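Following: one structure in structure tokens, then a few remarks.
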Amino acid sequence: MSLNPTISRREEGMFTPNENVKKLFQVIYREKNKTEDDDDIPKIKVSELISRLAFYYEKIRNSVDYNEEYLLRKDSILRNLKRQIAIEGSLKAVNAEDVAKNLLLELIRAGYLPNNKLPETKIGEIAVVISKYLNLRLFGLSKIDNEKIRDKIGKWIFNLAAAEIEEKLNVNIVAQTAIGNIYELLSEHIALPDNSIYKSDREIQTYLSIYRIFMKFDNDMMEFLLLKYYNADWAKAGDQEIKYLANRLEAVKSEIDAQINHPLTAQLNKIVSRYAVYFTILNDVVSDNPVGVYEGFKNDPKAFPRLVKKFVQKRYHEANIKLRRAAARSIIYIFLTKMILAFILEAPATLWLGEVFNYNSLAINIGFPPLLLFLVVLFTRTPSEANTQKIVQGVEEIVFIEKERKEPIVLRQPSKRSQGVNAVFAVIYAITFFITFGLVIYFLDKIHFTFVSIIIFLFFLTLVSFFSLRIRKVAREIYIVENKESIFNFIMDFFCVPIVEVGKWLNEKFSRINFFVFVLDFIIEAPFKIFVDIAEEWTKYVQERKEEIM
């Protein structure tokens with residue numbers, strides 16, 4: 001028995017951080033205390049006044065083409081490349097240096113990059129990337145005879161170029177260190193059944209899931225990761241490597257698609273989601289005070305769980321803010337791109353069909369989408385205390401040697417249903433589909449909706465239901481404890497899944513024929529960018545004349 005019970009209790013509460021976490025502490029500390037000593041290096045600078053025009057234009061453009069906020073810069077890069085290379089480049093020779101310079105200037109004006117912070121050498125770095133994909137496009141498309149396939153591969157090359165440029169602009173040492181830690185941890189613990197045919201894919205699929213969940217990469221960025229995986233020297237590829245890839249573009253695309261749609265994806269995503277939350281909270285805790293947290297391991301072992309809880313609650317609050325913002329963006333997007341056109345057409349179509357125009361149905365159709373999204377936000381609950389406690393345990397698991405996971409995480413062998421079972425389920429699902437929509441139509445008919453009003457209501461019901469699920473995903477990223485199954489949830493899923501699936505299909509189809517996006521991209525954007533460039537040069541000229549006078 002210890003002679004000093006106080007010391008004994010304290011030692012019992014002390015734990016040892018593992019080596020990977022120590023490295024993460026060091027990286028976060030260095031990044032937090034990094035000083036910029038390159039003031040003499042020329043920076044890319046734009047006019048603050050003129051930039052406001054581009055900034056507000058980008059806000060308008062994003063409101064009519066909905067996407068997740070963390071993908072907006074990558075999408076802007078893609079749009080810019082297509083305009084400069086595919087549209088404007090068809091009228092003149094494309095110079096990679098000019099494209100890179102214009103791209104970076106537009107990203108700074110739009111607020112995606114800081115002003116007067118990027119060194120001018122960044123133009124050359126991005127120009128090398130653009131030149132590489134221009135050559136790949138030139139060599140690759142010339143070898144494809146089928147016009148449809150050539151168009152598909154051409155778009156894919158643009159997507160890859162945008163993804164690589166986004167990677168160049170988003171160098172995050174802390175995130176890369178965390179990714180290495182997650183990968184090392186999971187690669188040690190994730191196992192497949194002995195008879196699994198996917199053992200050779202375990203490592204790459206784990207790697208992909210980490211980037212998909214922790215870094216929130218979309219398919220374009222995932223495909224770029226796989227391109228580097230299948231072509232190890234792609235970052236520094238010369239003409240020989242580019243021509244080699246150009247000769248086998250279709251085959252590489254097929255291999256990449258197979259990995260993107262791998263049978264293990266769903267299981268791995270579920271596992272990685274938990275560890276992504278743990279490392280996100282750990283980064284929050286450490287970034288706030290690296291030295292204080294590390295010293296607290298010895299001085300006050302109970303302080304660390306309290307800190308974790310504090311930052312979990314902060315993440316809950318941020319998730320609620322993101323949820324409301326996503327709902328507002330969804331309403332603006334649906335109103336601008338769908339509702340205006342639908343209501344412009346409702347009255348003429350109703351009269352053309354010889355039906356009586358119903359103002360009540362019009363009011364319901366206008367008020368229903370925002371009301372549904374408001375209810376989704378209202379009834380999205382903050383995670384429970386059990387969820388918080390689970391996160392605390394998970395963070396301690398990845399930090400302390402004494403609490404490391406001992407048992408493996410064994411994946412199930414993905415099973416395939418027989419054609420007969422799939423056929424039976426398809427019939428049952430079709431019946432569910434008709435029951436769900438039949439009940440909605442029956443109810444609307446009872447309150448005297450016209451045929452046109454019913455079509456518009458169903459259109460918005462499906463679309464808003466899909467967006468509701470999408471924005472709830474924002475709030476559920478921090479959930480670890482799964483919801484308990486209940487008869488109510490089962491019934492809701494029974495009726496809601498067909499509605500959401502139709503909404504997803506409609507969103508994909510109608511996003512391709514977005515009238516407002518077409519007007520902005522092909523009619524307004526190019527002249528607007530020219531105007532901004534001229535205005536920028538004019539302000540520089542005036543400033544030069546002013547300096548001469550002084």
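Following the order of the structure tokens, chains are lettered A, B, ..., residues in each are numbered from 1, and ligands are numbered from 1.
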
Problem set entry | Exercise: Ala161 of chain A partners within 8 Å, only C-alpha atoms, chain neighbours under 3 positions left out, as a PyMOL selection string | chain A and resi 78+129-130+133+157-158+164-165

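Shell of segment 315-330 of chain A at 7 Å, with only C-alpha atoms counted and residues fewer than 5 places along the chain excluded, is Ser63, Leu373, Val377, Thr382, Phe467, Ile471, Arg472, Val474 and Ala475 of chain A.
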
For this session: One decimal, Å: what's the distance from atom CA of Val532 of chain A over to atom CA of Ile77 of chain A, could you say?
Result: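 For atom CA of Val532 of chain A relative to atom CA of Ile77 of chain A, the distance reads 17.4 Å.
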
For this session: Identify which of the residues A:Glu477, A:Ile190, A:Lys168, A:Lys302 lies closest to Lys216 of chain A, counting only C-alpha atoms when measuring atom-to-atom distances.
Result: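 Nearest to Lys216 of chain A: A:Glu477.
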
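Put simply, atom CA of Ile179 of chain A is 20.2 Å away from atom CA of Phe311 of chain A.
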
For this session: Fewer than 2 positions away in the same chain doesn't count, so skip those; otherwise give me all residues within 12 Å of Trp505 of chain A, counting only C-alpha atoms, as a ChimeraX atom specification.
Result: /A:459,462-463,465-467,498-503,507-512

Seminar exercise, completed: Taken to one decimal, the atom CA of Arg109 of chain A-atom CA of Leu53 of chain A distance is 8.2 Å

Seminar exercise, completed: Counting only C-alpha atoms, closest pick from A:His262, A:His448, A:Lys117, A:Arg405 relative to Gln205 of chain A is A:His262

Problem set entry | Near-Tyr230 of chain A list (8 Å; only C-alpha atoms; drop same-chain fewer than 3 positions) as a VMD selection string | chain A and resid 226 to 227 252

Would you write out those residues with N, CA and C atoms, as a PDB file, in the first residue's frame?
ATOM      1  N   LEU A 226      -6.680   8.951 -56.702  1.00  0.00           N
ATOM      2  CA  LEU A 226      -6.464   7.650 -57.336  1.00  0.00           C
ATOM      3  C   LEU A 226      -5.580   7.768 -58.568  1.00  0.00           C
ATOM      4  N   LEU A 227      -5.682   8.885 -59.286  1.00  0.00           N
ATOM      5  CA  LEU A 227      -4.795   9.100 -60.430  1.00  0.00           C
ATOM      6  C   LEU A 227      -3.340   9.101 -59.959  1.00  0.00           C
ATOM      7  N   VAL A 252      -7.562   3.720 -67.295  1.00  0.00           N
ATOM      8  CA  VAL A 252      -7.320   4.302 -65.970  1.00  0.00           C
ATOM      9  C   VAL A 252      -8.621   4.810 -65.376  1.00  0.00           C
TER      10      VAL A 252
END

For this session: Extract, using only C-alpha atoms, all DNA, RNA and protein residues at most 9 Å from segment 197-203 of chain A, discarding same-chain residues fewer than 6 positions from it, and format them as a VMD selection string.
Result: chain A and resid 183 187 190 to 191 259 262 to 264 413

Could you save the residues just selected, with C-alpha atoms, as a compact mmCIF listing (two decimals), in the first residue's frame?
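result-v1.txt written:
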# COMPACT_ATOMS: atom_id res chain seq x y z
CA TYR A 183 -4.42 5.89 -41.47
CA SER A 187 -4.58 0.13 -40.88
CA ILE A 190 -9.18 -2.91 -39.61
CA ALA A 191 -9.28 -6.51 -40.74
CA GLN A 259 -12.31 1.97 -56.63
CA HIS A 262 -16.02 -0.24 -54.18
CA PRO A 263 -18.21 -2.63 -52.10
CA LEU A 264 -16.22 -1.83 -48.93
CA GLN A 413 -17.88 -9.70 -46.35
